[in-house]
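Colleague: Handing over target.txt, compact mmCIF, C-alpha atoms.
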# COMPACT_ATOMS: atom_id res chain seq x y z
CA MET C 1 -58.38 18.70 8.60
CA PRO C 2 -55.67 18.93 5.90
CA TRP C 3 -52.24 17.43 6.13
CA GLN C 4 -49.78 19.47 8.20
CA LEU C 5 -46.27 19.82 6.74
CA SER C 6 -43.04 20.84 8.43
CA GLU C 7 -39.25 20.76 8.05
CA ASP C 8 -38.86 20.66 11.84
CA VAL C 9 -38.11 17.10 12.97
CA GLU C 10 -38.73 18.01 16.61
CA GLU C 11 -42.21 19.27 15.76
CA PHE C 12 -42.83 16.11 13.73
CA ARG C 13 -41.84 13.82 16.58
CA ARG C 14 -43.78 15.87 19.12
CA GLU C 15 -46.94 15.70 17.00
CA THR C 16 -46.60 12.04 15.98
CA ASP C 17 -44.84 10.25 18.85
CA ALA C 18 -48.04 8.59 20.11
CA TYR C 19 -48.92 7.43 16.59
CA LEU C 20 -45.39 6.18 15.94
CA ALA C 21 -45.24 4.35 19.28
CA ALA C 22 -48.59 2.67 18.62
CA GLU C 23 -47.46 1.64 15.13
CA ALA C 24 -43.79 1.07 15.98
CA ALA C 25 -43.31 -1.99 13.75
CA ARG C 26 -45.10 -0.74 10.64
CA ALA C 27 -43.72 2.76 11.18
CA THR C 28 -40.16 1.54 11.68
CA ALA C 29 -38.76 3.53 8.76
CA LEU C 30 -40.34 6.77 9.99
CA LEU C 31 -38.99 6.18 13.49
CA THR C 32 -35.43 5.35 12.52
CA VAL C 33 -35.10 7.94 9.74
CA SER C 34 -36.52 10.79 11.82
CA GLU C 35 -34.24 9.82 14.70
CA THR C 36 -31.23 9.89 12.36
CA VAL C 37 -32.25 13.38 11.19
CA ARG C 38 -32.62 14.39 14.83
CA ARG C 39 -29.10 13.25 15.67
CA HIS C 40 -27.21 14.17 12.51
CA GLY C 41 -29.05 17.01 10.80
CA ALA C 42 -31.65 17.61 8.09
CA GLN C 43 -29.35 16.80 5.16
CA VAL C 44 -27.87 13.59 6.55
CA TYR C 45 -29.33 11.56 3.68
CA GLY C 46 -27.84 13.66 0.89
CA GLU C 47 -29.83 16.26 -1.02
CA GLY C 48 -31.88 19.08 0.44
CA PRO C 49 -33.63 19.31 3.79
CA ALA C 50 -35.84 16.57 5.16
CA SER C 51 -39.57 17.27 5.32
CA PHE C 52 -42.34 15.70 7.37
CA GLY C 53 -46.10 15.59 7.60
CA TRP C 54 -48.98 14.28 9.68
CA TRP C 55 -52.78 14.14 9.51
CA ARG C 56 -55.33 14.53 12.29
CA ARG C 57 -59.12 14.72 12.26
CA ASN C 58 -59.34 18.08 13.98
CA PRO C 59 -57.14 20.46 16.00
CA GLY C 60 -55.98 18.84 19.21
CA ALA C 61 -56.77 15.31 18.04
CA PRO C 62 -53.94 12.75 17.87
CA ALA C 63 -52.14 12.15 14.58
CA GLU C 64 -53.53 9.19 12.61
CA ALA C 65 -51.11 9.18 9.67
CA ALA C 66 -47.63 10.46 8.87
CA PHE C 67 -44.92 10.52 6.21
CA LEU C 68 -41.40 11.84 5.73
CA HIS C 69 -39.24 12.77 2.75
CA THR C 70 -35.43 12.74 2.78
CA PRO C 71 -34.14 13.55 -0.73
CA PRO C 72 -32.86 11.87 -2.86
CA TRP C 73 -35.11 9.12 -1.52
CA PRO C 74 -38.80 9.09 -2.39
CA PRO C 75 -41.19 9.90 0.46
CA ALA C 76 -41.90 7.09 2.93
CA LEU C 77 -45.50 6.63 4.02
CA GLY C 78 -46.41 5.46 7.50
CA PRO C 79 -49.45 3.25 8.11
CA MET C 80 -52.52 5.07 6.81
CA PRO C 81 -55.82 4.53 4.99
CA GLU C 82 -55.57 4.67 1.21
CA ARG C 83 -57.80 7.75 1.04
CA LEU C 84 -55.33 9.70 3.21
CA ALA C 85 -52.46 8.60 0.97
CA ALA C 86 -54.38 9.97 -2.03
CA GLU C 87 -55.09 13.21 -0.16
CA LEU C 88 -51.39 13.55 0.68
CA ALA C 89 -50.45 13.21 -2.98
CA GLY C 90 -52.85 16.02 -3.84
CA GLU C 91 -51.52 18.20 -1.03
CA LEU C 92 -47.89 17.79 -2.12
CA ARG C 93 -48.73 18.25 -5.77
CA GLY C 94 -50.62 21.44 -4.97
CA ARG C 95 -47.54 22.78 -3.21
CA GLY C 96 -45.35 22.19 -6.26
CA VAL C 97 -43.29 19.40 -4.68
CA ARG C 98 -41.36 17.24 -7.17
CA LEU C 99 -41.08 13.52 -6.42
CA PRO C 100 -39.38 10.57 -8.14
CA GLY C 101 -41.73 8.03 -6.60
CA VAL C 102 -43.10 6.80 -3.30
CA ARG C 103 -42.52 4.00 -0.78
CA GLY C 104 -44.93 2.52 1.73
CA GLY C 105 -47.44 -0.16 2.51
CA ASP C 106 -48.67 -1.77 -0.69
CA GLY C 107 -52.19 -0.26 -0.67
CA PRO C 108 -51.34 3.30 0.43
CA ALA C 109 -48.34 3.51 -1.93
CA ARG C 110 -50.47 2.52 -4.91
CA ALA C 111 -53.24 4.95 -3.89
CA PHE C 112 -50.67 7.76 -3.61
CA ALA C 113 -49.22 6.88 -7.02
CA ASP C 114 -52.64 6.82 -8.69
CA ALA C 115 -53.50 10.21 -7.21
CA TRP C 116 -50.11 11.67 -8.15
CA ALA C 117 -49.56 10.31 -11.65
CA GLY C 118 -52.71 8.47 -12.70
CA PRO C 119 -53.00 4.68 -13.13
CA GLY C 120 -50.67 4.68 -16.15
CA GLY C 121 -48.14 7.16 -14.82
CA TRP C 122 -46.14 4.97 -12.48
CA GLN C 123 -44.45 1.61 -12.31
CA LEU C 124 -43.76 -0.80 -9.50
CA THR C 125 -39.96 -1.01 -9.14
CA GLY C 126 -39.71 -3.22 -6.08
CA ARG C 127 -41.63 -5.11 -3.45
CA THR C 128 -40.38 -5.66 0.06
CA ARG C 129 -41.67 -7.66 2.98
CA LEU C 130 -41.45 -6.62 6.62
CA PHE C 131 -40.66 -9.44 9.02
CA ARG C 132 -40.71 -9.50 12.82
CA LEU C 133 -38.57 -11.86 14.86
CA GLY C 134 -40.36 -14.56 16.83
CA ASP C 135 -38.08 -17.05 18.54
CA LEU C 136 -34.52 -16.62 17.30
CA THR C 137 -33.21 -19.90 15.85
CA PRO C 138 -29.48 -19.60 15.06
CA PRO C 139 -28.22 -21.68 12.12
CA HIS C 140 -27.25 -25.24 12.95
CA PRO C 141 -24.60 -26.13 12.30
CA ALA C 142 -23.18 -22.64 12.64
CA PRO C 143 -20.74 -21.47 9.97
CA PRO C 144 -17.08 -21.56 10.98
CA GLY C 145 -15.92 -18.50 12.87
CA ARG C 146 -17.67 -15.99 15.08
CA ALA C 147 -19.40 -12.62 15.10
CA ARG C 148 -17.88 -9.48 16.58
CA GLN C 149 -18.84 -5.86 16.84
CA ALA C 150 -17.17 -3.70 14.20
CA ALA C 151 -14.57 -1.19 15.43
CA GLY C 152 -12.78 1.85 14.04
CA ALA C 153 -10.16 -0.31 12.34
CA ASP C 154 -12.97 -1.80 10.21
CA LEU C 155 -14.12 1.56 8.85
CA ASP C 156 -12.72 1.23 5.31
CA LEU C 157 -14.01 -2.32 4.90
CA ALA C 158 -17.43 -1.43 6.28
CA ALA C 159 -17.73 1.60 3.97
CA SER C 160 -16.77 -0.53 0.97
CA TRP C 161 -19.30 -3.24 1.84
CA LEU C 162 -22.06 -0.69 2.53
CA ARG C 163 -21.40 0.77 -0.93
CA GLU C 164 -21.52 -2.69 -2.53
CA PHE C 165 -24.71 -3.52 -0.65
CA ALA C 166 -26.34 -0.30 -1.85
CA ALA C 167 -25.40 -1.07 -5.46
CA ALA C 168 -26.79 -4.60 -5.13
CA VAL C 169 -30.20 -3.42 -3.88
CA GLY C 170 -30.48 -0.36 -6.13
CA GLU C 171 -29.93 2.35 -3.54
CA PRO C 172 -28.27 5.68 -4.45
CA HIS C 173 -24.52 5.31 -5.07
CA ASP C 174 -23.51 8.90 -4.30
CA LEU C 175 -24.02 8.85 -0.54
CA ASP C 176 -21.14 9.26 1.88
CA TYR C 177 -20.67 5.61 2.84
CA ALA C 178 -17.60 6.34 4.96
CA GLN C 179 -19.74 8.63 7.09
CA LEU C 180 -22.51 6.03 7.22
CA ALA C 181 -20.06 3.32 8.28
CA GLU C 182 -18.59 5.59 10.93
CA ARG C 183 -22.07 6.28 12.29
CA ARG C 184 -23.07 2.61 12.36
CA ILE C 185 -19.84 1.66 14.13
CA ALA C 186 -20.22 4.48 16.68
CA GLU C 187 -23.78 3.34 17.45
CA GLY C 188 -22.48 -0.16 18.13
CA GLY C 189 -24.90 -1.82 15.73
CA LEU C 190 -22.56 -2.99 12.96
CA HIS C 191 -21.29 -6.57 13.33
CA LEU C 192 -18.92 -8.66 11.24
CA TRP C 193 -18.70 -12.41 10.86
CA GLU C 194 -15.10 -13.51 10.71
CA THR C 195 -13.47 -16.86 9.98
CA PRO C 196 -11.40 -18.68 12.62
CA ASP C 197 -8.28 -16.96 11.30
CA GLY C 198 -9.85 -13.52 11.89
CA ARG C 199 -10.81 -12.64 8.30
CA PRO C 200 -14.12 -10.69 7.99
CA VAL C 201 -16.44 -12.41 5.49
CA SER C 202 -19.91 -10.96 6.12
CA MET C 203 -21.66 -8.09 7.89
CA ALA C 204 -25.02 -7.09 9.32
CA SER C 205 -26.25 -4.15 11.37
CA HIS C 206 -29.14 -3.21 13.63
CA SER C 207 -30.52 0.22 14.45
CA PRO C 208 -30.40 1.54 18.03
CA PRO C 209 -33.56 0.44 19.91
CA LEU C 210 -36.28 3.06 19.57
CA ALA C 211 -39.90 2.80 20.77
CA GLY C 212 -39.10 -0.78 21.69
CA GLN C 213 -37.98 -1.83 18.21
CA SER C 214 -34.73 -2.28 16.32
CA ARG C 215 -34.34 -3.05 12.61
CA VAL C 216 -31.76 -5.37 11.09
CA SER C 217 -30.28 -4.22 7.77
CA ASN C 218 -27.19 -4.27 5.56
CA VAL C 219 -26.86 -8.05 5.67
CA TYR C 220 -24.13 -8.51 3.09
CA THR C 221 -21.57 -11.09 2.00
CA PRO C 222 -19.26 -10.38 -0.98
CA PRO C 223 -20.17 -12.62 -3.96
CA PRO C 224 -17.01 -14.83 -3.83
CA LEU C 225 -17.81 -15.74 -0.19
CA ARG C 226 -21.49 -16.61 -0.51
CA CYS C 227 -23.25 -19.97 -0.02
CA ARG C 228 -21.16 -20.80 3.06
CA GLY C 229 -23.63 -19.76 5.77
CA TYR C 230 -21.81 -16.56 6.72
CA ALA C 231 -24.84 -14.29 6.18
CA ALA C 232 -26.97 -16.57 8.38
CA GLY C 233 -24.37 -16.36 11.12
CA ALA C 234 -24.11 -12.57 10.85
CA ALA C 235 -27.89 -12.07 10.74
CA ALA C 236 -28.48 -14.31 13.74
CA ALA C 237 -25.71 -12.60 15.70
CA VAL C 238 -26.96 -9.09 15.01
CA SER C 239 -30.55 -10.13 15.81
CA HIS C 240 -29.33 -11.40 19.19
CA ALA C 241 -27.38 -8.16 19.68
CA ALA C 242 -30.55 -6.10 19.04
CA LEU C 243 -32.41 -8.10 21.70
CA ALA C 244 -29.50 -7.72 24.11
CA ALA C 245 -29.55 -3.95 23.49
CA GLY C 246 -33.14 -3.82 24.76
CA ALA C 247 -35.36 -4.20 21.69
CA GLN C 248 -38.72 -5.87 22.31
CA GLN C 249 -39.30 -6.17 18.57
CA VAL C 250 -36.60 -6.97 16.01
CA LEU C 251 -37.62 -6.23 12.43
CA LEU C 252 -36.16 -6.49 8.95
CA PHE C 253 -37.16 -5.82 5.35
CA THR C 254 -36.48 -8.33 2.61
CA ASP C 255 -36.64 -8.06 -1.15
CA LEU C 256 -39.52 -10.24 -2.34
CA SER C 257 -37.62 -10.97 -5.55
CA ASN C 258 -34.92 -12.78 -3.55
CA PRO C 259 -36.36 -16.12 -2.35
CA THR C 260 -33.02 -17.15 -0.83
CA SER C 261 -32.92 -14.33 1.71
CA ASN C 262 -36.64 -14.64 2.46
CA ALA C 263 -36.21 -18.33 3.26
CA LEU C 264 -33.08 -17.65 5.33
CA TYR C 265 -34.76 -15.14 7.62
CA GLN C 266 -37.77 -17.38 8.15
CA ARG C 267 -35.43 -20.19 9.20
CA LEU C 268 -33.91 -17.80 11.75
CA GLY C 269 -37.35 -17.17 13.25
CA TYR C 270 -38.65 -14.12 11.39
CA ARG C 271 -42.38 -14.00 10.60
CA LEU C 272 -44.34 -12.00 8.01
CA LEU C 273 -45.78 -8.69 9.18
CA ALA C 274 -46.63 -6.60 6.08
CA ASP C 275 -45.83 -6.07 2.39
CA TYR C 276 -44.48 -2.80 0.99
CA ALA C 277 -44.19 -1.30 -2.48
CA GLU C 278 -41.52 0.88 -4.10
CA ILE C 279 -42.92 2.93 -6.96
CA ALA C 280 -41.31 5.22 -9.55
CA PHE C 281 -43.22 7.88 -11.48
CA THR C 282 -42.82 7.68 -15.25
Once more with this new file: its structure as structure tokens, please.

Modeller:
Amino acid sequence: MPWQLSEDVEEFRRETDAYLAAEAARATALLTVSETVRRHGAQVYGEGPASFGWWRRNPGAPAEAAFLHTPPWPPALGPMPERLAAELAGELRGRGVRLPGVRGGDGPARAFADAWAGPGGWQLTGRTRLFRLGDLTPPHPAPPGRARQAAGADLDLAASWLREFAAAVGEPHDLDYAQLAERRIAEGGLHLWETPDGRPVSMASHSPPLAGQSRVSNVYTPPPLRCRGYAAGAAAAVSHAALAAGAQQVLLFTDLSNPTSNALYQRLGYRLLADYAEIAFT
């Protein structure tokens, strides 16, 4: 049966909820992004409406693969066999869809790229690693200060740091970071590490628990304040907050080109789950 495509997030979640629940860790991006679209609208990520898709063997059978696309981001692939990733590329290409690249598990993303652009028509622009928290091990000794949940008075600072974080990791710069900060603060997932005199020096956030999982992200310390343990304190605090909010699994993505952050999260108790690729079409 061919891929089914839709711009209706409710239809997508209805058709894929069992698949997403069974693959909650490896499908974390599809879960959290589709939930954000559900709550805040189809254009919450910037350009154009979000689109979704799923694959099943025959009518009435459960979904076995899924993806979503929220421009300006490239499509994100859920867990799937490489052959289905290649079929999806052909389906989208046949419909005249234009794409800047693709993101997903290493094998499926490469299979999609080969089918879309040919072996010489794409380049690997980033590799990330998905970690899952085992036993949380806070840094010892802890950095001076404490963590606290961000509040409305922190909105301007949070928006500025989210913008700086995006620039540092190569995310689009033209998003509404004030709106993003406001949303993260309202959800209760954005935390700041502050020094004993009350000065914020680092931040981290976690997504609202969904299908038993929450994802840590936006771990950021401004360059002049780094190498003092603040990021470790913030990351440990927000990981604990995700558990306290009801998450059975706490996840995070790291940039494989940054050995410092990869080592930090492993010291905090995070363990390797899967590798992902970010690909741009040339």

Colleague: Give me the residues near C:Ile185 as a PDB file with C-alpha atoms, in the frame of the given file, where near means some atom within 8 Å (using only C-alpha atoms) and where sequence neighbours in that chain fewer than 4 positions away do not count.

Modeller:
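Just written: result.pdb:
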ATOM      1  CA  ALA C 150     -17.170  -3.700  14.200  1.00  0.00           C
ATOM      2  CA  ALA C 151     -14.570  -1.190  15.430  1.00  0.00           C
ATOM      3  CA  GLY C 152     -12.780   1.850  14.040  1.00  0.00           C
ATOM      4  CA  LEU C 155     -14.120   1.560   8.850  1.00  0.00           C
ATOM      5  CA  ALA C 181     -20.060   3.320   8.280  1.00  0.00           C
ATOM      6  CA  GLY C 189     -24.900  -1.820  15.730  1.00  0.00           C
ATOM      7  CA  LEU C 190     -22.560  -2.990  12.960  1.00  0.00           C
TER       8      LEU C 190
END

Colleague: Please determine, counting all atoms listed in the file, which residue among C:Pro223, C:Gly233, C:Gly105, C:Gly269 has the shortest atom-to-atom distance to C:Met203.

Modeller: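 Result for the nearest residue to C:Met203: C:Gly233.
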
Colleague: Which residue, C:Tyr19, C:Trp73, C:Tyr230, C:Trp3, has the smallest gap to C:Gly53 when you use only C-alpha atoms?

Modeller: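 Closest to C:Gly53 of all the choices is C:Trp3.
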
Colleague: How far is it from atom CA of C:Pro208 to atom CA of C:Gly107, in Å with one decimal?

Modeller: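 So the two atoms, atom CA of C:Pro208 and atom CA of C:Gly107, lie 28.8 Å apart.
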
Colleague: Between C:Thr282, C:Thr36, C:Ser51, C:Ser202, which has the minimum distance to C:Gln123 (counting only C-alpha atoms)?

Modeller: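 Closest residue, counting only C-alpha atoms: C:Thr282.
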
Colleague: By how many Å are atom CA of C:Leu268 and atom CA of C:Pro138 apart?

Modeller: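 Interatomic distance, atom CA of C:Leu268 to atom CA of C:Pro138: 5.8 Å.
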
Colleague: Complete stretch 174-185 of chain C with all heavy atoms (output as a PDB file, in the frame of the given file).

Modeller:
ATOM      1  N   ASP C 174     -24.301   7.697  -4.554  1.00  0.00           N
ATOM      2  CA  ASP C 174     -23.510   8.900  -4.300  1.00  0.00           C
ATOM      3  C   ASP C 174     -23.582   9.357  -2.848  1.00  0.00           C
ATOM      4  O   ASP C 174     -23.253  10.501  -2.536  1.00  0.00           O
ATOM      5  CB  ASP C 174     -23.945  10.023  -5.230  1.00  0.00           C
ATOM      6  CG  ASP C 174     -25.433  10.340  -5.125  1.00  0.00           C
ATOM      7  OD1 ASP C 174     -26.156   9.566  -4.454  1.00  0.00           O
ATOM      8  OD2 ASP C 174     -25.868  11.342  -5.708  1.00  0.00           O
ATOM      9  N   LEU C 175     -24.002   8.491  -1.948  1.00  0.00           N
ATOM     10  CA  LEU C 175     -24.020   8.850  -0.540  1.00  0.00           C
ATOM     11  C   LEU C 175     -22.621   8.721   0.051  1.00  0.00           C
ATOM     12  O   LEU C 175     -21.738   8.086  -0.518  1.00  0.00           O
ATOM     13  CB  LEU C 175     -25.005   7.949   0.219  1.00  0.00           C
ATOM     14  CG  LEU C 175     -26.460   7.971  -0.261  1.00  0.00           C
ATOM     15  CD1 LEU C 175     -27.313   7.059   0.616  1.00  0.00           C
ATOM     16  CD2 LEU C 175     -27.026   9.386  -0.255  1.00  0.00           C
ATOM     17  N   ASP C 176     -22.430   9.314   1.210  1.00  0.00           N
ATOM     18  CA  ASP C 176     -21.140   9.260   1.880  1.00  0.00           C
ATOM     19  C   ASP C 176     -21.110   7.986   2.733  1.00  0.00           C
ATOM     20  O   ASP C 176     -21.522   7.986   3.896  1.00  0.00           O
ATOM     21  CB  ASP C 176     -20.953  10.497   2.751  1.00  0.00           C
ATOM     22  CG  ASP C 176     -19.549  10.590   3.335  1.00  0.00           C
ATOM     23  OD1 ASP C 176     -18.867   9.550   3.419  1.00  0.00           O
ATOM     24  OD2 ASP C 176     -19.146  11.704   3.722  1.00  0.00           O
ATOM     25  N   TYR C 177     -20.627   6.893   2.137  1.00  0.00           N
ATOM     26  CA  TYR C 177     -20.670   5.610   2.840  1.00  0.00           C
ATOM     27  C   TYR C 177     -19.624   5.520   3.940  1.00  0.00           C
ATOM     28  O   TYR C 177     -19.801   4.763   4.897  1.00  0.00           O
ATOM     29  CB  TYR C 177     -20.529   4.465   1.841  1.00  0.00           C
ATOM     30  CG  TYR C 177     -21.770   4.323   1.002  1.00  0.00           C
ATOM     31  CD1 TYR C 177     -21.816   4.820  -0.293  1.00  0.00           C
ATOM     32  CD2 TYR C 177     -22.913   3.745   1.521  1.00  0.00           C
ATOM     33  CE1 TYR C 177     -22.970   4.727  -1.059  1.00  0.00           C
ATOM     34  CE2 TYR C 177     -24.077   3.650   0.776  1.00  0.00           C
ATOM     35  CZ  TYR C 177     -24.098   4.144  -0.515  1.00  0.00           C
ATOM     36  OH  TYR C 177     -25.244   4.061  -1.256  1.00  0.00           O
ATOM     37  N   ALA C 178     -18.559   6.293   3.860  1.00  0.00           N
ATOM     38  CA  ALA C 178     -17.600   6.340   4.960  1.00  0.00           C
ATOM     39  C   ALA C 178     -18.265   6.944   6.200  1.00  0.00           C
ATOM     40  O   ALA C 178     -18.097   6.448   7.324  1.00  0.00           O
ATOM     41  CB  ALA C 178     -16.369   7.139   4.568  1.00  0.00           C
ATOM     42  N   GLN C 179     -19.029   8.002   5.981  1.00  0.00           N
ATOM     43  CA  GLN C 179     -19.740   8.630   7.090  1.00  0.00           C
ATOM     44  C   GLN C 179     -20.800   7.679   7.653  1.00  0.00           C
ATOM     45  O   GLN C 179     -20.975   7.574   8.881  1.00  0.00           O
ATOM     46  CB  GLN C 179     -20.390   9.929   6.619  1.00  0.00           C
ATOM     47  CG  GLN C 179     -21.066  10.731   7.708  1.00  0.00           C
ATOM     48  CD  GLN C 179     -21.691  11.992   7.165  1.00  0.00           C
ATOM     49  OE1 GLN C 179     -22.781  11.972   6.581  1.00  0.00           O
ATOM     50  NE2 GLN C 179     -20.994  13.112   7.325  1.00  0.00           N
ATOM     51  N   LEU C 180     -21.504   6.979   6.766  1.00  0.00           N
ATOM     52  CA  LEU C 180     -22.510   6.030   7.220  1.00  0.00           C
ATOM     53  C   LEU C 180     -21.873   4.911   8.035  1.00  0.00           C
ATOM     54  O   LEU C 180     -22.373   4.529   9.097  1.00  0.00           O
ATOM     55  CB  LEU C 180     -23.252   5.446   6.014  1.00  0.00           C
ATOM     56  CG  LEU C 180     -24.293   4.351   6.308  1.00  0.00           C
ATOM     57  CD1 LEU C 180     -25.365   4.862   7.262  1.00  0.00           C
ATOM     58  CD2 LEU C 180     -24.914   3.858   5.009  1.00  0.00           C
ATOM     59  N   ALA C 181     -20.750   4.375   7.548  1.00  0.00           N
ATOM     60  CA  ALA C 181     -20.060   3.320   8.280  1.00  0.00           C
ATOM     61  C   ALA C 181     -19.589   3.821   9.646  1.00  0.00           C
ATOM     62  O   ALA C 181     -19.721   3.114  10.655  1.00  0.00           O
ATOM     63  CB  ALA C 181     -18.882   2.812   7.465  1.00  0.00           C
ATOM     64  N   GLU C 182     -19.060   5.022   9.671  1.00  0.00           N
ATOM     65  CA  GLU C 182     -18.590   5.590  10.930  1.00  0.00           C
ATOM     66  C   GLU C 182     -19.746   5.715  11.925  1.00  0.00           C
ATOM     67  O   GLU C 182     -19.604   5.406  13.118  1.00  0.00           O
ATOM     68  CB  GLU C 182     -17.963   6.959  10.670  1.00  0.00           C
ATOM     69  CG  GLU C 182     -17.329   7.586  11.891  1.00  0.00           C
ATOM     70  CD  GLU C 182     -16.601   8.874  11.550  1.00  0.00           C
ATOM     71  OE1 GLU C 182     -16.914   9.482  10.496  1.00  0.00           O
ATOM     72  OE2 GLU C 182     -15.728   9.273  12.329  1.00  0.00           O
ATOM     73  N   ARG C 183     -20.904   6.126  11.423  1.00  0.00           N
ATOM     74  CA  ARG C 183     -22.070   6.280  12.290  1.00  0.00           C
ATOM     75  C   ARG C 183     -22.554   4.928  12.822  1.00  0.00           C
ATOM     76  O   ARG C 183     -22.837   4.771  14.008  1.00  0.00           O
ATOM     77  CB  ARG C 183     -23.192   6.980  11.512  1.00  0.00           C
ATOM     78  CG  ARG C 183     -24.382   7.359  12.365  1.00  0.00           C
ATOM     79  CD  ARG C 183     -25.262   8.359  11.653  1.00  0.00           C
ATOM     80  NE  ARG C 183     -25.984   7.791  10.530  1.00  0.00           N
ATOM     81  CZ  ARG C 183     -25.860   8.179   9.280  1.00  0.00           C
ATOM     82  NH1 ARG C 183     -25.014   9.130   8.955  1.00  0.00           N
ATOM     83  NH2 ARG C 183     -26.579   7.621   8.317  1.00  0.00           N
ATOM     84  N   ARG C 184     -22.619   3.930  11.934  1.00  0.00           N
ATOM     85  CA  ARG C 184     -23.070   2.610  12.360  1.00  0.00           C
ATOM     86  C   ARG C 184     -22.113   2.004  13.393  1.00  0.00           C
ATOM     87  O   ARG C 184     -22.539   1.365  14.353  1.00  0.00           O
ATOM     88  CB  ARG C 184     -23.185   1.689  11.146  1.00  0.00           C
ATOM     89  CG  ARG C 184     -24.262   2.093  10.147  1.00  0.00           C
ATOM     90  CD  ARG C 184     -25.643   1.655  10.615  1.00  0.00           C
ATOM     91  NE  ARG C 184     -26.694   2.300   9.860  1.00  0.00           N
ATOM     92  CZ  ARG C 184     -27.155   1.873   8.686  1.00  0.00           C
ATOM     93  NH1 ARG C 184     -26.622   0.795   8.135  1.00  0.00           N
ATOM     94  NH2 ARG C 184     -28.130   2.512   8.074  1.00  0.00           N
ATOM     95  N   ILE C 185     -20.823   2.191  13.179  1.00  0.00           N
ATOM     96  CA  ILE C 185     -19.840   1.660  14.130  1.00  0.00           C
ATOM     97  C   ILE C 185     -19.960   2.377  15.475  1.00  0.00           C
ATOM     98  O   ILE C 185     -19.937   1.747  16.539  1.00  0.00           O
ATOM     99  CB  ILE C 185     -18.414   1.780  13.559  1.00  0.00           C
ATOM    100  CG1 ILE C 185     -18.242   0.812  12.378  1.00  0.00           C
ATOM    101  CG2 ILE C 185     -17.368   1.500  14.630  1.00  0.00           C
ATOM    102  CD1 ILE C 185     -16.954   0.998  11.601  1.00  0.00           C
TER     103      ILE C 185
END
